[in-house]
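Asks: Dropping in target_21.cif, with mmCIF, C-alpha atoms.
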```cif
data_start
loop_
_atom_site.group_PDB
_atom_site.id
_atom_site.type_symbol
_atom_site.label_atom_id
_atom_site.label_comp_id
_atom_site.auth_asym_id
_atom_site.auth_seq_id
_atom_site.Cartn_x
_atom_site.Cartn_y
_atom_site.Cartn_z
ATOM 1 C CA MET A 1 47.581 132.325 117.710
ATOM 2 C CA SER A 2 50.941 133.688 116.578
ATOM 3 C CA HIS A 3 51.355 135.785 119.716
ATOM 4 C CA ILE A 4 50.644 132.728 121.833
ATOM 5 C CA LYS A 5 53.127 130.558 119.931
ATOM 6 C CA ASN A 6 55.829 133.231 120.193
ATOM 7 C CA TYR A 7 55.211 133.787 123.944
ATOM 8 C CA ASP A 8 54.625 137.498 123.376
ATOM 9 C CA ILE A 9 52.443 137.908 126.465
ATOM 10 C CA ARG A 10 55.114 136.419 128.716
ATOM 11 C CA LEU A 11 57.816 138.570 127.143
ATOM 12 C CA SER A 12 55.650 141.673 127.531
ATOM 13 C CA CYS A 13 55.122 140.895 131.216
ATOM 14 C CA VAL A 14 58.837 140.381 131.805
ATOM 15 C CA VAL A 15 59.696 143.639 130.038
ATOM 16 C CA SER A 16 57.027 145.492 132.034
ATOM 17 C CA VAL A 17 58.458 144.160 135.288
ATOM 18 C CA MET A 18 61.992 145.105 134.255
ATOM 19 C CA VAL A 19 60.930 148.634 133.312
ATOM 20 C CA GLY A 20 59.112 148.950 136.631
ATOM 21 C CA PHE A 21 62.229 147.732 138.418
ATOM 22 C CA VAL A 22 64.378 150.383 136.716
ATOM 23 C CA VAL A 23 61.863 153.080 137.653
ATOM 24 C CA MET A 24 61.831 151.874 141.271
ATOM 25 C CA LEU A 25 65.633 151.906 141.361
ATOM 26 C CA ALA A 26 65.677 155.454 140.006
ATOM 27 C CA ASP A 27 63.135 156.474 142.648
ATOM 28 C CA LEU A 28 65.137 154.811 145.426
ATOM 29 C CA PHE A 29 68.376 156.407 144.225
ATOM 30 C CA SER A 30 66.862 159.876 144.083
ATOM 31 C CA ARG A 31 65.238 159.523 147.528
ATOM 32 C CA LEU A 32 68.493 158.366 149.097
ATOM 33 C CA LEU A 33 70.349 161.323 147.659
ATOM 34 C CA PHE A 34 67.617 163.854 148.424
ATOM 35 C CA TRP A 35 66.995 162.781 152.002
ATOM 36 C CA GLY A 36 70.662 162.235 152.772
ATOM 37 C CA GLY A 37 70.702 158.463 152.864
ATOM 38 C CA VAL A 38 74.439 158.488 152.235
ATOM 39 C CA ARG A 39 76.060 160.447 155.027
ATOM 40 C CA ASP A 40 79.672 161.072 155.712
ATOM 41 C CA ASN A 41 81.510 163.049 158.338
ATOM 42 C CA ASP A 42 83.266 165.157 155.728
ATOM 43 C CA SER A 43 81.859 168.669 155.876
ATOM 44 C CA ASP A 44 83.051 169.774 152.448
ATOM 45 C CA SER A 45 81.319 167.101 150.361
ATOM 46 C CA LYS A 46 80.241 168.991 147.275
ATOM 47 C CA GLY A 47 79.466 165.932 145.164
ATOM 48 C CA ASN A 48 76.015 165.370 146.692
ATOM 49 C CA GLY A 49 74.433 168.130 144.612
ATOM 50 C CA ILE A 50 75.789 166.656 141.395
ATOM 51 C CA LEU A 51 74.663 163.157 142.359
ATOM 52 C CA MET A 52 71.232 164.508 143.268
ATOM 53 C CA LEU A 53 70.951 166.152 139.850
ATOM 54 C CA ILE A 54 72.002 162.926 138.116
ATOM 55 C CA GLY A 55 69.446 160.997 140.168
ATOM 56 C CA LEU A 56 66.707 163.485 139.259
ATOM 57 C CA ILE A 57 67.531 163.253 135.558
ATOM 58 C CA PHE A 58 67.552 159.447 135.798
ATOM 59 C CA LEU A 59 64.222 159.528 137.648
ATOM 60 C CA ILE A 60 62.631 161.618 134.891
ATOM 61 C CA LEU A 61 64.133 159.857 131.871
ATOM 62 C CA SER A 62 63.975 156.206 132.944
ATOM 63 C CA PRO A 63 60.176 155.824 132.615
ATOM 64 C CA ILE A 64 60.261 157.506 129.205
ATOM 65 C CA PHE A 65 63.057 155.274 127.898
ATOM 66 C CA GLY A 66 61.393 152.227 129.431
ATOM 67 C CA SER A 67 58.123 152.979 127.679
ATOM 68 C CA LEU A 68 59.901 153.568 124.375
ATOM 69 C CA MET A 69 61.646 150.204 124.708
ATOM 70 C CA GLN A 70 58.334 148.473 125.421
ATOM 71 C CA LEU A 71 56.691 150.074 122.395
ATOM 72 C CA ALA A 72 59.613 149.236 120.098
ATOM 73 C CA LEU A 73 59.536 145.629 121.270
ATOM 74 C CA SER A 74 55.783 145.483 120.668
ATOM 75 C CA ARG A 75 56.188 146.786 117.101
ATOM 76 C CA LYS A 76 58.924 144.232 116.339
ATOM 77 C CA ARG A 77 56.854 141.382 117.777
ATOM 78 C CA GLU A 78 53.978 142.301 115.448
ATOM 79 C CA PHE A 79 56.201 141.586 112.455
ATOM 80 C CA LEU A 80 57.144 138.243 114.009
ATOM 81 C CA ALA A 81 53.467 137.458 114.634
ATOM 82 C CA ASP A 82 52.652 138.209 110.995
ATOM 83 C CA ALA A 83 55.456 135.918 109.801
ATOM 84 C CA THR A 84 54.251 133.180 112.140
ATOM 85 C CA ALA A 85 50.689 133.596 110.870
ATOM 86 C CA VAL A 86 51.961 133.103 107.323
ATOM 87 C CA GLU A 87 53.803 130.004 108.523
ATOM 88 C CA PHE A 88 50.539 128.668 109.999
ATOM 89 C CA THR A 89 48.317 129.409 107.022
ATOM 90 C CA ARG A 90 50.840 129.193 104.170
ATOM 91 C CA ASN A 91 48.852 132.031 102.597
ATOM 92 C CA PRO A 92 50.488 135.472 102.787
ATOM 93 C CA ASP A 93 47.980 136.870 100.284
ATOM 94 C CA GLY A 94 45.126 136.113 102.681
ATOM 95 C CA LEU A 95 46.768 138.044 105.523
ATOM 96 C CA ILE A 96 47.676 140.906 103.185
ATOM 97 C CA SER A 97 44.073 141.064 101.973
ATOM 98 C CA ALA A 98 42.735 141.031 105.537
ATOM 99 C CA LEU A 99 45.083 143.840 106.617
ATOM 100 C CA GLU A 100 44.115 145.930 103.581
ATOM 101 C CA LYS A 101 40.409 145.467 104.319
ATOM 102 C CA LEU A 102 40.886 146.458 107.954
ATOM 103 C CA GLU A 103 42.929 149.513 106.978
ATOM 104 C CA ASN A 104 40.468 150.655 104.305
ATOM 105 C CA ASP A 105 37.442 150.423 106.593
ATOM 106 C CA PRO A 106 36.145 154.011 106.831
ATOM 107 C CA ASN A 107 34.351 153.526 110.163
ATOM 108 C CA GLN A 108 35.849 154.719 113.412
ATOM 109 C CA LEU A 109 35.115 152.603 116.465
ATOM 110 C CA GLU A 110 33.000 154.526 118.928
ATOM 111 C CA THR A 111 33.877 152.381 121.942
ATOM 112 C CA ALA A 112 37.665 152.380 121.472
ATOM 113 C CA ASN A 113 39.799 154.197 124.007
ATOM 114 C CA SER A 114 43.523 154.776 124.285
ATOM 115 C CA ALA A 115 43.937 152.253 127.108
ATOM 116 C CA THR A 116 42.837 149.355 124.896
ATOM 117 C CA ALA A 117 44.112 150.612 121.525
ATOM 118 C CA ASN A 118 47.080 148.226 121.599
ATOM 119 C CA MET A 119 44.693 145.234 121.537
ATOM 120 C CA TYR A 120 43.399 146.064 118.064
ATOM 121 C CA ILE A 121 44.944 144.724 114.870
ATOM 122 C CA VAL A 122 44.990 148.177 113.268
ATOM 123 C CA ASN A 123 44.679 151.631 114.775
ATOM 124 C CA PRO A 124 41.049 151.994 115.934
ATOM 125 C CA PHE A 125 41.261 155.790 115.712
ATOM 126 C CA LYS A 126 40.937 156.713 112.052
ATOM 127 C CA LYS A 127 42.601 159.992 111.259
ATOM 128 C CA ASN A 128 41.803 162.112 108.276
ATOM 129 C CA THR A 129 44.932 161.721 106.183
ATOM 130 C CA LYS A 130 45.349 162.700 102.571
ATOM 131 C CA GLU A 131 45.177 159.895 100.061
ATOM 132 C CA GLY A 132 48.530 158.785 98.729
ATOM 133 C CA LYS A 133 50.384 159.808 101.854
ATOM 134 C CA LYS A 134 52.003 156.756 103.386
ATOM 135 C CA LYS A 135 51.385 156.562 107.095
ATOM 136 C CA THR A 136 54.380 155.358 109.052
ATOM 137 C CA SER A 137 54.383 154.194 112.626
ATOM 138 C CA SER A 138 55.617 156.599 115.238
ATOM 139 C CA ILE A 139 57.835 155.768 118.180
ATOM 140 C CA TRP A 140 54.760 156.083 120.432
ATOM 141 C CA SER A 141 52.643 153.493 118.599
ATOM 142 C CA THR A 142 52.221 149.906 119.766
ATOM 143 C CA HIS A 143 51.835 148.463 116.266
ATOM 144 C CA PRO A 144 53.709 149.168 113.040
ATOM 145 C CA SER A 145 51.697 150.834 110.315
ATOM 146 C CA THR A 146 49.564 148.547 108.185
ATOM 147 C CA GLN A 147 51.510 149.550 105.079
ATOM 148 C CA ASP A 148 54.781 148.488 106.734
ATOM 149 C CA ARG A 149 53.252 145.161 107.754
ATOM 150 C CA ILE A 150 51.928 144.529 104.245
ATOM 151 C CA GLU A 151 55.311 145.415 102.730
ATOM 152 C CA ALA A 152 57.066 142.996 105.111
ATOM 153 C CA LEU A 153 54.586 140.251 104.177
ATOM 154 C CA ARG A 154 55.183 140.851 100.472
ATOM 155 C CA ASN A 155 58.925 140.535 101.087
ATOM 156 C CA LEU A 156 58.370 137.109 102.689
ATOM 157 C CA ARG A 157 57.359 135.583 99.366
#
```
Could you express the structure from this file as structure tokens?

Replies:
Amino acid sequence: MSHIKNYDIRLSCVVSVMVGFVVMLADLFSRLLFWGGVRDNDSDSKGNGILMLIGLIFLILSPIFGSLMQLALSRKREFLADATAVEFTRNPDGLISALEKLENDPNQLETANSATANMYIVNPFKKNTKEGKKKTSSIWSTHPSTQDRIEALRNLR
């Protein structure tokens, strides 16, 4: 309900389109430079090689940076969704308890795959981590770690 109220799906779609647009621009730029889309009659133009290299670097790095921006936005929106859920229920302890129960569940989902992992509340792939070691979210995760979410909820009080 919180994601719906905060228009997270719409924002995610807009960000996905914008990232796709940047990738398409990088592709267009690199193709124009590689295939000689910008021609001049000057025979000693030595800048084309440099521009082609810049276009190639942009073509490689733009999808990576775009994906990182999408993932960072998704992690930040999870904190907003948790705060909105507390606003709805007026019970942060209930959400904290639910997150702790989900995190402490020892079962790994057999049907989970990486394509749908972002749709789960917690990471569906349980990893064998040592007890007492705090798991933090990585830059490649779609959700913040459960411990970070619980800590943010405790700070709301």

Asks: What is the CA of Thr84 in chain A-CA of His3 in chain A distance in Å, reported with one decimal?

Replies: 8.5 Å

Asks: Please evaluate the PyMOL selection byres ((chain A and resi 109) around 10) against the structure above and give the resulting residues as a list in words.

Replies: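 That expression, the PyMOL selection byres ((chain A and resi 109) around 10), corresponds here to Pro106, Asn107, Gln108, Glu110, Thr111, Ala112, Asn113, Asn123, Pro124, Phe125 and Lys126 of chain A.
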
Asks: Selected residues, C-alpha atoms, written as a PDB file, keeping the file's coordinate frame, please.

Replies:
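For reference, again-v8.pdb as written:
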```pdb
ATOM      1  CA  PRO A 106      36.145 154.011 106.831  1.00  0.00           C
ATOM      2  CA  ASN A 107      34.351 153.526 110.163  1.00  0.00           C
ATOM      3  CA  GLN A 108      35.849 154.719 113.412  1.00  0.00           C
ATOM      4  CA  GLU A 110      33.000 154.526 118.928  1.00  0.00           C
ATOM      5  CA  THR A 111      33.877 152.381 121.942  1.00  0.00           C
ATOM      6  CA  ALA A 112      37.665 152.380 121.472  1.00  0.00           C
ATOM      7  CA  ASN A 113      39.799 154.197 124.007  1.00  0.00           C
ATOM      8  CA  ASN A 123      44.679 151.631 114.775  1.00  0.00           C
ATOM      9  CA  PRO A 124      41.049 151.994 115.934  1.00  0.00           C
ATOM     10  CA  PHE A 125      41.261 155.790 115.712  1.00  0.00           C
ATOM     11  CA  LYS A 126      40.937 156.713 112.052  1.00  0.00           C
TER      12      LYS A 126
END
```

Asks: Do you know which residues lie at most 12 Å from (63.0, 165.5, 138.6), with coordinates as in the file and only C-alpha atoms counted, and could you write them as a list in words?

Replies: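 Result, sorted by chain then residue number: Ala26, Asp27, Phe29, Ser30, Arg31, Phe34, Met52, Leu53, Ile54, Gly55, Leu56, Ile57, Phe58, Leu59, Ile60, Leu61, Ser62 and Pro63 of chain A.
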
Asks: If we count only C-alpha atoms, what is near Ser74 in chain A at a cut-off of 8 Å, once residues fewer than 2 positions away on the same chain are taken out, given as a PyMOL selection string?

Replies: chain A and resi 12+70-72+76-78+142-143

Asks: From the list A:Leu25, A:Leu11, A:Ala152, A:Leu68, which residue is nearest Asp93 in chain A when using all atoms listed in the file?

Replies: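 That would be A:Ala152, the residue with the smallest distance to Asp93 in chain A.
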
Asks: Need to verify the contact set: Glu100 in chain A, 12 Å, all atoms listed in the file, exclusion of same-chain residues closer than 5 positions in sequence. Can you return it as a list in words?

Replies: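 Surrounding residues, per the criterion: Asp93, Gly94, Leu95, Asp105, Pro106, Ile121, Val122, Ser145, Thr146, Gln147, Asp148, Arg149, Ile150, Glu151 and Leu153 of chain A.
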
Asks: Rank A:Arg157, A:Tyr120, A:Met69, A:Ser138 by their smallest atom-to-atom distance to Leu102 in chain A, using only C-alpha atoms, and report the top residue only.

Replies: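 Going through A:Arg157, A:Tyr120, A:Met69, A:Ser138 one by one, the smallest distance to Leu102 in chain A is for A:Tyr120.
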
Asks: One decimal, in Å: what's the spacing between CA of Asn6 in chain A and CA of Glu103 in chain A?

Replies: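 For CA of Asn6 in chain A relative to CA of Glu103 in chain A, the distance reads 24.6 Å.
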
Asks: For the atom pair CA of Ser67 in chain A and CA of Leu28 in chain A, what is the interatomic distance in Å to one decimal place?

Replies: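 The value is 19.2 Å.
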
Asks: Excluding Val19 in chain A and any residue of its chain fewer than 4 positions from it, enumerate the residues within 7 Å of it, using only C-alpha atoms, and give them as a PyMOL selection string.

Replies: chain A and resi 15+23+66

Asks: With distances taken over all atoms listed in the file, which of A:Trp140, A:Ser114, A:Glu87, A:Leu73 is nearest to Cys13 in chain A?

Replies: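 Nearest to Cys13 in chain A: A:Leu73.
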
Asks: Nearest residue to Ile50 in chain A out of A:Leu33, A:Asn118, A:Lys101, A:Phe88, using all atoms listed in the file?

Replies: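 Result for the nearest residue to Ile50 in chain A: A:Leu33.
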
Asks: Please determine, counting all atoms listed in the file, which residue among A:Leu51, A:Leu80, A:Met1, A:Val86 has the shortest atom-to-atom distance to Arg154 in chain A.

Replies: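 Smallest distance to Arg154 in chain A is found for A:Val86.
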
Asks: Kindly complete range 70-94 of chain A to N, CA and C atoms; the output should be written as an mmCIF file, in the coordinates of the input.

Replies:
```cif
data_model
loop_
_atom_site.group_PDB
_atom_site.id
_atom_site.type_symbol
_atom_site.label_atom_id
_atom_site.label_comp_id
_atom_site.auth_asym_id
_atom_site.auth_seq_id
_atom_site.Cartn_x
_atom_site.Cartn_y
_atom_site.Cartn_z
ATOM 1 N N GLN A 70 59.494 149.359 125.481
ATOM 2 C CA GLN A 70 58.334 148.473 125.421
ATOM 3 C C GLN A 70 57.606 148.620 124.098
ATOM 4 N N LEU A 71 57.406 149.839 123.645
ATOM 5 C CA LEU A 71 56.691 150.074 122.395
ATOM 6 C C LEU A 71 57.481 149.552 121.195
ATOM 7 N N ALA A 72 58.795 149.749 121.198
ATOM 8 C CA ALA A 72 59.613 149.236 120.098
ATOM 9 C C ALA A 72 59.575 147.710 120.056
ATOM 10 N N LEU A 73 59.621 147.090 121.215
ATOM 11 C CA LEU A 73 59.536 145.629 121.270
ATOM 12 C C LEU A 73 58.183 145.154 120.757
ATOM 13 N N SER A 74 57.127 145.856 121.122
ATOM 14 C CA SER A 74 55.783 145.483 120.668
ATOM 15 C C SER A 74 55.677 145.581 119.153
ATOM 16 N N ARG A 75 56.234 146.640 118.560
ATOM 17 C CA ARG A 75 56.188 146.786 117.101
ATOM 18 C C ARG A 75 56.957 145.663 116.411
ATOM 19 N N LYS A 76 58.122 145.305 116.944
ATOM 20 C CA LYS A 76 58.924 144.232 116.339
ATOM 21 C C LYS A 76 58.223 142.887 116.466
ATOM 22 N N ARG A 77 57.546 142.656 117.578
ATOM 23 C CA ARG A 77 56.854 141.382 117.777
ATOM 24 C C ARG A 77 55.646 141.253 116.849
ATOM 25 N N GLU A 78 55.086 142.369 116.409
ATOM 26 C CA GLU A 78 53.978 142.301 115.448
ATOM 27 C C GLU A 78 54.457 141.744 114.109
ATOM 28 N N PHE A 79 55.644 142.143 113.690
ATOM 29 C CA PHE A 79 56.201 141.586 112.455
ATOM 30 C C PHE A 79 56.436 140.084 112.602
ATOM 31 N N LEU A 80 56.933 139.666 113.767
ATOM 32 C CA LEU A 80 57.144 138.243 114.009
ATOM 33 C C LEU A 80 55.815 137.491 114.023
ATOM 34 N N ALA A 81 54.787 138.099 114.606
ATOM 35 C CA ALA A 81 53.467 137.458 114.634
ATOM 36 C C ALA A 81 52.902 137.318 113.226
ATOM 37 N N ASP A 82 53.113 138.315 112.384
ATOM 38 C CA ASP A 82 52.652 138.209 110.995
ATOM 39 C C ASP A 82 53.379 137.088 110.261
ATOM 40 N N ALA A 83 54.685 136.979 110.461
ATOM 41 C CA ALA A 83 55.456 135.918 109.801
ATOM 42 C C ALA A 83 55.014 134.544 110.302
ATOM 43 N N THR A 84 54.717 134.446 111.589
ATOM 44 C CA THR A 84 54.251 133.180 112.140
ATOM 45 C C THR A 84 52.864 132.841 111.615
ATOM 46 N N ALA A 85 52.023 133.837 111.434
ATOM 47 C CA ALA A 85 50.689 133.596 110.870
ATOM 48 C C ALA A 85 50.796 133.072 109.441
ATOM 49 N N VAL A 86 51.743 133.601 108.683
ATOM 50 C CA VAL A 86 51.961 133.103 107.323
ATOM 51 C C VAL A 86 52.475 131.666 107.382
ATOM 52 N N GLU A 87 53.306 131.375 108.355
ATOM 53 C CA GLU A 87 53.803 130.004 108.523
ATOM 54 C C GLU A 87 52.653 129.043 108.838
ATOM 55 N N PHE A 88 51.707 129.496 109.665
ATOM 56 C CA PHE A 88 50.539 128.668 109.999
ATOM 57 C C PHE A 88 49.657 128.422 108.784
ATOM 58 N N THR A 89 49.324 129.495 108.087
ATOM 59 C CA THR A 89 48.317 129.409 107.022
ATOM 60 C C THR A 89 48.904 129.090 105.661
ATOM 61 N N ARG A 90 50.190 129.354 105.476
ATOM 62 C CA ARG A 90 50.840 129.193 104.170
ATOM 63 C C ARG A 90 50.173 130.051 103.093
ATOM 64 N N ASN A 91 49.580 131.176 103.529
ATOM 65 C CA ASN A 91 48.852 132.031 102.597
ATOM 66 C C ASN A 91 49.116 133.501 102.932
ATOM 67 N N PRO A 92 50.238 134.065 102.483
ATOM 68 C CA PRO A 92 50.488 135.472 102.787
ATOM 69 C C PRO A 92 49.487 136.407 102.123
ATOM 70 N N ASP A 93 48.952 136.005 100.964
ATOM 71 C CA ASP A 93 47.980 136.870 100.284
ATOM 72 C C ASP A 93 46.707 137.044 101.110
ATOM 73 N N GLY A 94 46.311 136.008 101.838
ATOM 74 C CA GLY A 94 45.126 136.113 102.681
ATOM 75 C C GLY A 94 45.318 137.116 103.804
#
```
